[in-house]
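One file, my_file08.csv, carrying CSV, C-alpha atoms:
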```csv
chain,number,residue,atom,x,y,z
A,1,MET,CA,165.3,44.9,59.8
A,2,LYS,CA,164.8,41.7,61.8
A,3,SER,CA,167.4,38.9,61.7
A,4,ARG,CA,165.8,35.5,61.1
A,5,THR,CA,167.1,33.0,63.7
A,6,SER,CA,166.0,29.5,64.5
A,7,ARG,CA,167.1,26.6,66.7
A,8,LEU,CA,169.4,24.0,65.1
A,9,ASP,CA,167.0,21.1,65.5
A,10,ARG,CA,164.1,23.1,64.0
A,11,PHE,CA,166.3,24.2,61.1
A,12,ILE,CA,167.4,20.6,60.4
A,13,SER,CA,163.8,19.3,60.4
A,14,GLN,CA,162.7,22.1,58.0
A,15,ASN,CA,165.7,21.7,55.6
A,16,SER,CA,166.4,18.0,55.5
A,17,ASP,CA,164.7,14.5,55.7
A,18,PHE,CA,165.6,14.3,59.4
A,19,SER,CA,163.3,15.2,62.3
A,20,MET,CA,163.9,17.4,65.3
A,21,ALA,CA,164.4,14.3,67.4
A,22,ASP,CA,167.0,13.0,64.9
A,23,THR,CA,169.2,16.0,65.4
A,24,ARG,CA,170.6,14.8,68.8
A,25,LEU,CA,172.0,11.7,67.1
A,26,LEU,CA,173.4,13.7,64.2
A,27,ILE,CA,175.2,15.9,66.6
A,28,ALA,CA,176.5,13.0,68.6
A,29,GLN,CA,177.8,11.5,65.3
A,30,LYS,CA,179.4,14.9,64.4
A,31,ARG,CA,177.6,15.0,61.1
A,32,ILE,CA,176.6,18.7,61.4
A,33,LEU,CA,178.9,21.6,60.9
A,34,LEU,CA,178.0,25.2,61.7
A,35,ASP,CA,180.4,27.8,60.2
A,36,GLY,CA,183.0,25.1,59.9
A,37,SER,CA,182.8,23.8,63.5
A,38,VAL,CA,181.1,20.6,64.7
A,39,ALA,CA,177.6,21.4,66.2
A,40,HIS,CA,177.3,20.5,69.9
A,41,SER,CA,173.7,21.3,70.9
A,42,ILE,CA,170.2,21.2,69.4
A,43,GLN,CA,169.7,24.7,70.9
A,44,GLN,CA,172.4,26.4,68.9
A,45,SER,CA,171.2,29.3,66.9
A,46,VAL,CA,171.1,29.3,63.1
A,47,THR,CA,171.0,32.9,61.9
A,48,GLU,CA,170.3,34.0,58.3
A,49,PHE,CA,174.1,34.0,57.7
A,50,THR,CA,175.1,30.7,59.4
A,51,ARG,CA,176.7,28.2,57.1
A,52,VAL,CA,175.1,24.8,57.8
A,53,VAL,CA,176.6,21.5,56.4
A,54,LEU,CA,175.0,18.1,57.0
A,55,ASP,CA,176.8,15.0,55.9
A,56,GLY,CA,179.0,17.1,53.6
A,57,ARG,CA,176.0,18.7,51.9
A,58,CYS,CA,175.6,22.5,52.4
A,59,LEU,CA,172.1,23.3,53.6
A,60,LYS,CA,172.6,27.0,54.0
A,61,ASP,CA,175.3,29.4,52.9
A,62,ASN,CA,173.8,32.9,52.7
A,63,GLN,CA,176.6,35.5,53.1
A,64,PRO,CA,176.1,39.1,54.3
A,65,VAL,CA,176.7,41.9,51.9
A,66,TYR,CA,178.2,45.3,53.0
A,67,ILE,CA,178.4,48.2,50.5
A,68,MET,CA,179.4,51.8,50.6
A,69,LEU,CA,178.2,54.4,48.1
A,70,ASN,CA,179.3,58.0,47.4
A,71,LYS,CA,175.8,59.6,47.0
A,72,PRO,CA,175.5,62.5,44.7
A,73,ARG,CA,173.2,65.5,45.3
A,74,GLY,CA,169.6,64.9,44.2
A,75,VAL,CA,169.6,61.1,44.8
A,76,VAL,CA,167.1,60.0,47.4
A,77,SER,CA,168.0,57.7,50.3
A,78,ALA,CA,165.4,55.0,49.5
A,79,THR,CA,165.2,51.7,47.9
A,80,ARG,CA,162.5,52.8,45.5
A,81,ASP,CA,161.0,56.2,44.5
A,82,THR,CA,158.8,57.2,41.6
A,83,ARG,CA,160.3,60.7,41.1
A,84,HIS,CA,164.0,60.5,42.0
A,85,THR,CA,167.0,58.3,41.4
A,86,THR,CA,167.5,56.2,44.5
A,87,VAL,CA,170.8,55.0,46.1
A,88,LEU,CA,169.8,51.5,45.1
A,89,ASP,CA,169.6,52.5,41.5
A,90,LEU,CA,173.3,53.4,41.7
A,91,VAL,CA,174.3,50.0,43.2
A,92,GLN,CA,175.6,47.3,40.9
A,93,HIS,CA,175.5,44.1,42.8
A,94,PRO,CA,173.7,40.8,42.1
A,95,ARG,CA,172.0,40.8,45.5
A,96,LYS,CA,171.1,44.4,45.7
A,97,SER,CA,167.4,43.6,46.1
A,98,GLU,CA,168.2,42.3,49.6
A,99,LEU,CA,169.9,45.6,50.8
A,100,HIS,CA,168.6,48.2,53.1
A,101,ILE,CA,170.1,51.6,53.9
A,102,VAL,CA,172.0,52.4,57.1
A,103,GLY,CA,171.9,56.0,58.0
A,104,ARG,CA,170.0,58.0,55.4
A,105,LEU,CA,171.1,61.3,53.9
A,106,ASP,CA,168.8,64.1,52.8
A,107,LEU,CA,168.1,64.6,49.1
A,108,ASN,CA,170.7,67.3,48.7
A,109,THR,CA,173.2,65.9,51.2
A,110,THR,CA,176.1,64.1,49.5
A,111,GLY,CA,178.6,61.5,50.6
A,112,LEU,CA,178.8,58.2,52.4
A,113,VAL,CA,175.8,55.9,52.5
A,114,LEU,CA,176.1,52.3,53.8
A,115,LEU,CA,173.9,49.5,52.6
A,116,THR,CA,173.6,45.9,53.9
A,117,ASN,CA,171.4,42.9,54.2
A,118,ASN,CA,172.6,42.3,57.7
A,119,GLY,CA,170.0,43.8,60.1
A,120,ALA,CA,172.0,43.1,63.2
A,121,TRP,CA,175.0,44.9,61.8
A,122,SER,CA,173.0,48.0,60.8
A,123,ARG,CA,171.2,48.2,64.1
A,124,ASN,CA,174.5,47.9,66.0
A,125,ILE,CA,176.2,50.8,64.2
A,126,SER,CA,173.0,52.9,64.4
A,127,LEU,CA,172.5,52.6,68.2
A,128,PRO,CA,173.3,55.8,70.2
A,129,GLU,CA,175.1,53.7,72.7
A,130,THR,CA,177.7,52.7,70.1
A,131,LYS,CA,178.8,56.4,69.9
A,132,LEU,CA,180.1,55.9,66.4
A,133,GLU,CA,181.5,59.1,65.0
A,134,LYS,CA,180.2,60.5,61.8
A,135,THR,CA,182.1,63.2,60.0
A,136,TYR,CA,180.8,65.9,57.6
A,137,GLU,CA,182.3,68.6,55.5
A,138,VAL,CA,180.0,71.7,55.6
A,139,THR,CA,179.9,74.9,53.6
A,140,LEU,CA,178.1,77.9,55.2
A,141,SER,CA,176.6,81.2,54.0
A,142,LYS,CA,178.3,83.3,56.7
A,143,PRO,CA,181.8,83.3,58.1
A,144,LEU,CA,182.7,81.0,61.0
A,145,THR,CA,184.3,82.1,64.3
A,146,GLU,CA,185.9,80.2,67.2
A,147,GLU,CA,182.6,80.7,69.1
A,148,TYR,CA,181.1,77.9,67.0
A,149,VAL,CA,183.8,75.5,68.2
A,150,ALA,CA,183.1,76.2,71.8
A,151,VAL,CA,179.3,76.0,71.5
A,152,PHE,CA,179.4,72.8,69.5
A,153,ARG,CA,181.7,71.3,72.1
A,154,GLU,CA,179.2,72.2,74.9
A,155,GLY,CA,176.1,71.1,73.0
A,156,ILE,CA,173.2,73.0,71.6
A,157,TYR,CA,169.7,73.0,73.1
A,158,PHE,CA,166.8,72.0,70.8
A,159,GLY,CA,163.7,73.5,72.3
A,160,TYR,CA,161.2,71.4,70.2
A,161,GLU,CA,162.5,68.1,71.6
A,162,GLY,CA,163.7,69.6,74.9
A,163,ILE,CA,167.1,68.1,74.5
A,164,THR,CA,170.7,69.2,74.3
A,165,THR,CA,173.0,67.8,71.6
A,166,LYS,CA,176.0,65.7,72.7
A,167,PRO,CA,179.4,67.3,72.4
A,168,ALA,CA,180.5,67.7,68.8
A,169,ARG,CA,183.9,68.4,67.4
A,170,LEU,CA,184.1,71.3,64.9
A,171,GLU,CA,187.3,72.1,62.9
A,172,ILE,CA,187.2,75.4,60.9
A,173,LEU,CA,188.8,74.8,57.5
A,174,SER,CA,188.3,78.3,56.1
A,175,ASP,CA,186.0,81.3,56.6
A,176,TYR,CA,183.0,79.4,55.2
A,177,THR,CA,183.9,75.7,55.5
A,178,ALA,CA,184.3,73.3,58.4
A,179,ARG,CA,184.6,69.7,59.3
A,180,LEU,CA,182.1,68.5,61.9
A,181,SER,CA,182.2,65.2,63.8
A,182,LEU,CA,179.3,64.0,66.0
A,183,THR,CA,178.1,60.8,67.5
A,184,GLU,CA,174.3,61.2,67.1
A,185,GLY,CA,171.9,61.8,64.3
A,186,LYS,CA,168.9,64.0,65.3
A,187,TYR,CA,166.5,65.2,62.6
A,188,HIS,CA,168.3,67.7,60.4
A,189,GLN,CA,170.8,68.0,63.3
A,190,VAL,CA,173.7,69.6,61.4
A,191,LYS,CA,171.6,72.3,59.8
A,192,ARG,CA,169.8,73.0,63.1
A,193,MET,CA,173.1,73.3,65.0
A,194,PHE,CA,174.4,75.9,62.5
A,195,GLY,CA,170.9,77.4,62.6
A,196,PHE,CA,171.6,78.3,66.2
A,197,PHE,CA,173.9,81.0,64.7
A,198,GLN,CA,171.5,81.8,61.9
A,199,ASN,CA,174.1,80.5,59.5
A,200,GLU,CA,172.6,78.6,56.5
A,201,VAL,CA,174.2,75.3,55.4
A,202,LEU,CA,174.8,75.6,51.7
A,203,SER,CA,176.3,72.1,51.2
A,204,LEU,CA,176.7,69.0,53.4
A,205,HIS,CA,178.9,66.1,52.6
A,206,ARG,CA,179.4,63.0,54.8
A,207,VAL,CA,183.0,61.8,54.5
A,208,SER,CA,183.2,59.0,57.1
A,209,VAL,CA,181.4,56.8,59.6
A,210,GLY,CA,183.8,55.4,62.1
A,211,ARG,CA,186.8,54.0,60.2
A,212,ILE,CA,184.8,53.7,57.0
A,213,SER,CA,185.9,56.6,54.7
A,214,LEU,CA,184.9,57.7,51.3
A,215,GLU,CA,188.5,58.4,50.3
A,216,GLY,CA,189.3,57.2,46.8
A,217,LEU,CA,185.7,56.5,45.9
A,218,ASP,CA,184.3,58.7,43.1
A,219,GLU,CA,180.9,60.3,43.3
A,220,GLY,CA,178.1,57.9,42.2
A,221,LEU,CA,180.2,54.8,42.6
A,222,CYS,CA,180.0,52.0,45.2
A,223,ARG,CA,182.2,49.2,46.5
A,224,GLU,CA,182.0,46.4,49.0
A,225,LEU,CA,183.5,47.0,52.5
A,226,THR,CA,186.7,45.4,53.6
A,227,ALA,CA,186.8,43.1,56.6
A,228,LYS,CA,188.3,45.9,58.7
A,229,GLU,CA,185.6,48.3,57.7
A,230,ILE,CA,182.9,45.7,58.5
A,231,ALA,CA,184.3,45.5,62.0
A,232,VAL,CA,183.6,49.2,62.3
A,233,ASN,CA,182.7,49.0,66.0
A,234,GLU,CA,185.7,47.1,67.1
A,235,ASN,CA,188.9,48.6,68.5
A,236,ARG,CA,187.9,52.1,67.9
```
Mind turning the file's structure into structure tokens?
Amino acid sequence: MKSRTSRLDRFISQNSDFSMADTRLLIAQKRILLDGSVAHSIQQSVTEFTRVVLDGRCLKDNQPVYIMLNKPRGVVSATRDTRHTTVLDLVQHPRKSELHIVGRLDLNTTGLVLLTNNGAWSRNISLPETKLEKTYEVTLSKPLTEEYVAVFREGIYFGYEGITTKPARLEILSDYTARLSLTEGKYHQVKRMFGFFQNEVLSLHRVSVGRISLEGLDEGLCRELTAKEIAVNENR
């Protein structure tokens, strides 16, 4: 989603009785505050989440929303669907109509889904360059061996795209279960990686994205992220 940004002088002219030309004088008289600080240039950016105050009157105070959901099986990662319950149907928030999904899960994949109205934030954590680790718990139809660990660490070649997956960390929990951590999200990547061994994925559950973890959140429920979780890319 695109973030809506405008220059300060244009914003003032569109949202008050002052013109673009008036904005210089307003700045010189320290009558404009942006996020609590005195404005200093007509060229300052006003984003969709900038708090703008003019002469003590708030012209704009739209706050970003960040939500995590523990998605059940059979719920579709969409904002609307005519056949299935959507993740948005499970969200109880007064501004849920503004939200979009960050990192979709397949219909029968369960676990952590993030939603926000902040397009810049969602793009940032979705970029491959960010290398944000996503962790899944996997149940397989056949027993696991240590060979899986080595192959996942080296990367697996996907012939259709002509690419090799980036190194992934696999921890074997039992004969048929494992915890997988990876930093990319190719199409059906987890199932295809285990498919290299002709081992069918019976269940897939995303437990974390970076420092954001599902721990303590029951299936089907959601909550807003903490400030530390929102800063998911910082100090990793």
* **Separation of atom CA of Pro167 of chain A from atom CA of Thr130 of chain A, in Å and rounded to one decimal** =>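 Spanning atom CA of Pro167 of chain A to atom CA of Thr130 of chain A is a straight-line distance of 14.9 Å.
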Hey, which bits of segment 50-158 of chain A sit within 10 Å of segment 169-179 of chain A, and for each residue what's the closest pair of atoms and how far apart in Å (one decimal), counting all atoms listed in the file, rows by chain and increasing number, as JSON lines?
```
{"residue": "A:Glu133", "atom": "CA", "partner": "A:Arg169", "partner_atom": "CA", "distance": 9.9}
{"residue": "A:Thr135", "atom": "CA", "partner": "A:Arg179", "partner_atom": "CA", "distance": 7.0}
{"residue": "A:Tyr136", "atom": "CA", "partner": "A:Arg179", "partner_atom": "CA", "distance": 5.6}
{"residue": "A:Glu137", "atom": "CA", "partner": "A:Arg179", "partner_atom": "CA", "distance": 4.6}
{"residue": "A:Val138", "atom": "CA", "partner": "A:Ala178", "partner_atom": "CA", "distance": 5.4}
{"residue": "A:Thr139", "atom": "CA", "partner": "A:Thr177", "partner_atom": "CA", "distance": 4.5}
{"residue": "A:Leu140", "atom": "CA", "partner": "A:Tyr176", "partner_atom": "CA", "distance": 5.1}
{"residue": "A:Ser141", "atom": "CA", "partner": "A:Tyr176", "partner_atom": "CA", "distance": 6.8}
{"residue": "A:Lys142", "atom": "CA", "partner": "A:Tyr176", "partner_atom": "CA", "distance": 6.3}
{"residue": "A:Pro143", "atom": "CA", "partner": "A:Asp175", "partner_atom": "CA", "distance": 4.9}
{"residue": "A:Leu144", "atom": "CA", "partner": "A:Asp175", "partner_atom": "CA", "distance": 5.5}
{"residue": "A:Thr145", "atom": "CA", "partner": "A:Asp175", "partner_atom": "CA", "distance": 7.9}
{"residue": "A:Glu146", "atom": "CA", "partner": "A:Ile172", "partner_atom": "CA", "distance": 8.0}
{"residue": "A:Tyr148", "atom": "CA", "partner": "A:Leu170", "partner_atom": "CA", "distance": 7.5}
{"residue": "A:Val149", "atom": "CA", "partner": "A:Leu170", "partner_atom": "CA", "distance": 5.3}
{"residue": "A:Ala150", "atom": "CA", "partner": "A:Leu170", "partner_atom": "CA", "distance": 8.5}
{"residue": "A:Val151", "atom": "CA", "partner": "A:Leu170", "partner_atom": "CA", "distance": 9.4}
{"residue": "A:Phe152", "atom": "CA", "partner": "A:Arg169", "partner_atom": "CA", "distance": 6.6}
{"residue": "A:Arg153", "atom": "CA", "partner": "A:Arg169", "partner_atom": "CA", "distance": 5.9}
{"residue": "A:Glu154", "atom": "CA", "partner": "A:Arg169", "partner_atom": "CA", "distance": 9.6}
{"residue": "A:Gly155", "atom": "CA", "partner": "A:Arg169", "partner_atom": "CA", "distance": 10.0}
```
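All residues of protein, DNA or RNA that reach within 10 Å of segment 95-101 of chain A, judged by all atoms listed in the file and not counting those fewer than 4 positions away in the chain, are Met1, Pro64, Val65, Tyr66, Ile67, Met68, Ser77, Ala78, Thr79, Val87, Leu88, Asp89, Val91, Leu105, Val113, Leu114, Leu115, Thr116, Asn117, Asn118, Gly119 and Ser122 of chain A.
Residues lying within 9 Å of Pro128 of chain A, counting all atoms listed in the file and ignoring same-chain neighbours fewer than 2 positions away, are Ile125, Ser126, Thr130, Lys131, Leu132, Thr183, Glu184 and Gly185 of chain A.
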* Asked: Distance atom CA of Phe11 of chain A-atom CA of Arg123 of chain A, one decimal place?
  ->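 Between atom CA of Phe11 of chain A and atom CA of Arg123 of chain A the gap is 24.7 Å.
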* Can you tell me, as an MDAnalysis selection string, what residues are no more than 12 Å from Arg57 of chain A when counting only C-alpha atoms, ignoring any on the same chain fewer than 6 positions away? -> chainID A and resid 15:16 31:34 51
* To do: For atom CA of Gly56 of chain A and atom CA of Pro94 of chain A, quote the distance in Å rounded to one decimal.
  =>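 Atom CA of Pro94 of chain A lies 26.9 Å from atom CA of Gly56 of chain A.
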* Pick from A:Ser41, A:Thr165, A:Gln189, A:Asn199 nearest to Asp106 of chain A, counting only C-alpha atoms ->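 Checking each of A:Ser41, A:Thr165, A:Gln189, A:Asn199 against Asp106 of chain A, counting only C-alpha atoms, the winner is A:Gln189.
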* Of the candidates A:Ile163, A:Leu8, A:Glu147, A:Ser213, which shows the shortest atom-to-atom distance to Phe197 of chain A, using all atoms listed in the file? -> A:Glu147
Completed segment 65-80 of chain A (N, CA and C atoms) as a tab-separated table (two decimals), keeping the file's coordinate frame:
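Writing the result to selection.tsv gives the following:
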```tsv
chain	number	residue	atom	x	y	z
A	65	VAL	N	176.11	41.01	52.91
A	65	VAL	CA	176.70	41.90	51.90
A	65	VAL	C	176.77	43.31	52.59
A	66	TYR	N	177.92	43.96	52.40
A	66	TYR	CA	178.20	45.30	53.00
A	66	TYR	C	178.71	46.19	51.87
A	67	ILE	N	178.03	47.29	51.60
A	67	ILE	CA	178.40	48.20	50.50
A	67	ILE	C	178.44	49.62	50.96
A	68	MET	N	179.40	50.37	50.42
A	68	MET	CA	179.40	51.80	50.60
A	68	MET	C	179.24	52.51	49.29
A	69	LEU	N	178.51	53.64	49.33
A	69	LEU	CA	178.20	54.40	48.10
A	69	LEU	C	178.53	55.87	48.37
A	70	ASN	N	179.06	56.53	47.36
A	70	ASN	CA	179.30	58.00	47.40
A	70	ASN	C	178.08	58.64	46.74
A	71	LYS	N	177.11	59.05	47.55
A	71	LYS	CA	175.80	59.60	47.00
A	71	LYS	C	175.96	60.96	46.46
A	72	PRO	N	175.50	61.16	45.23
A	72	PRO	CA	175.50	62.50	44.70
A	72	PRO	C	174.28	63.32	45.17
A	73	ARG	N	174.32	64.60	44.95
A	73	ARG	CA	173.20	65.50	45.30
A	73	ARG	C	171.99	65.09	44.38
A	74	GLY	N	170.79	65.15	44.95
A	74	GLY	CA	169.60	64.90	44.20
A	74	GLY	C	169.19	63.41	44.13
A	75	VAL	N	169.96	62.55	44.77
A	75	VAL	CA	169.60	61.10	44.80
A	75	VAL	C	168.99	60.86	46.21
A	76	VAL	N	167.86	60.18	46.21
A	76	VAL	CA	167.10	60.00	47.40
A	76	VAL	C	167.58	58.72	48.17
A	77	SER	N	167.62	58.81	49.50
A	77	SER	CA	168.00	57.70	50.30
A	77	SER	C	166.80	56.76	50.52
A	78	ALA	N	166.51	55.97	49.50
A	78	ALA	CA	165.40	55.00	49.50
A	78	ALA	C	165.71	53.89	48.59
A	79	THR	N	164.99	52.80	48.75
A	79	THR	CA	165.20	51.70	47.90
A	79	THR	C	164.34	51.77	46.60
A	80	ARG	N	163.27	52.58	46.68
A	80	ARG	CA	162.50	52.80	45.50
A	80	ARG	C	161.80	54.20	45.61
```
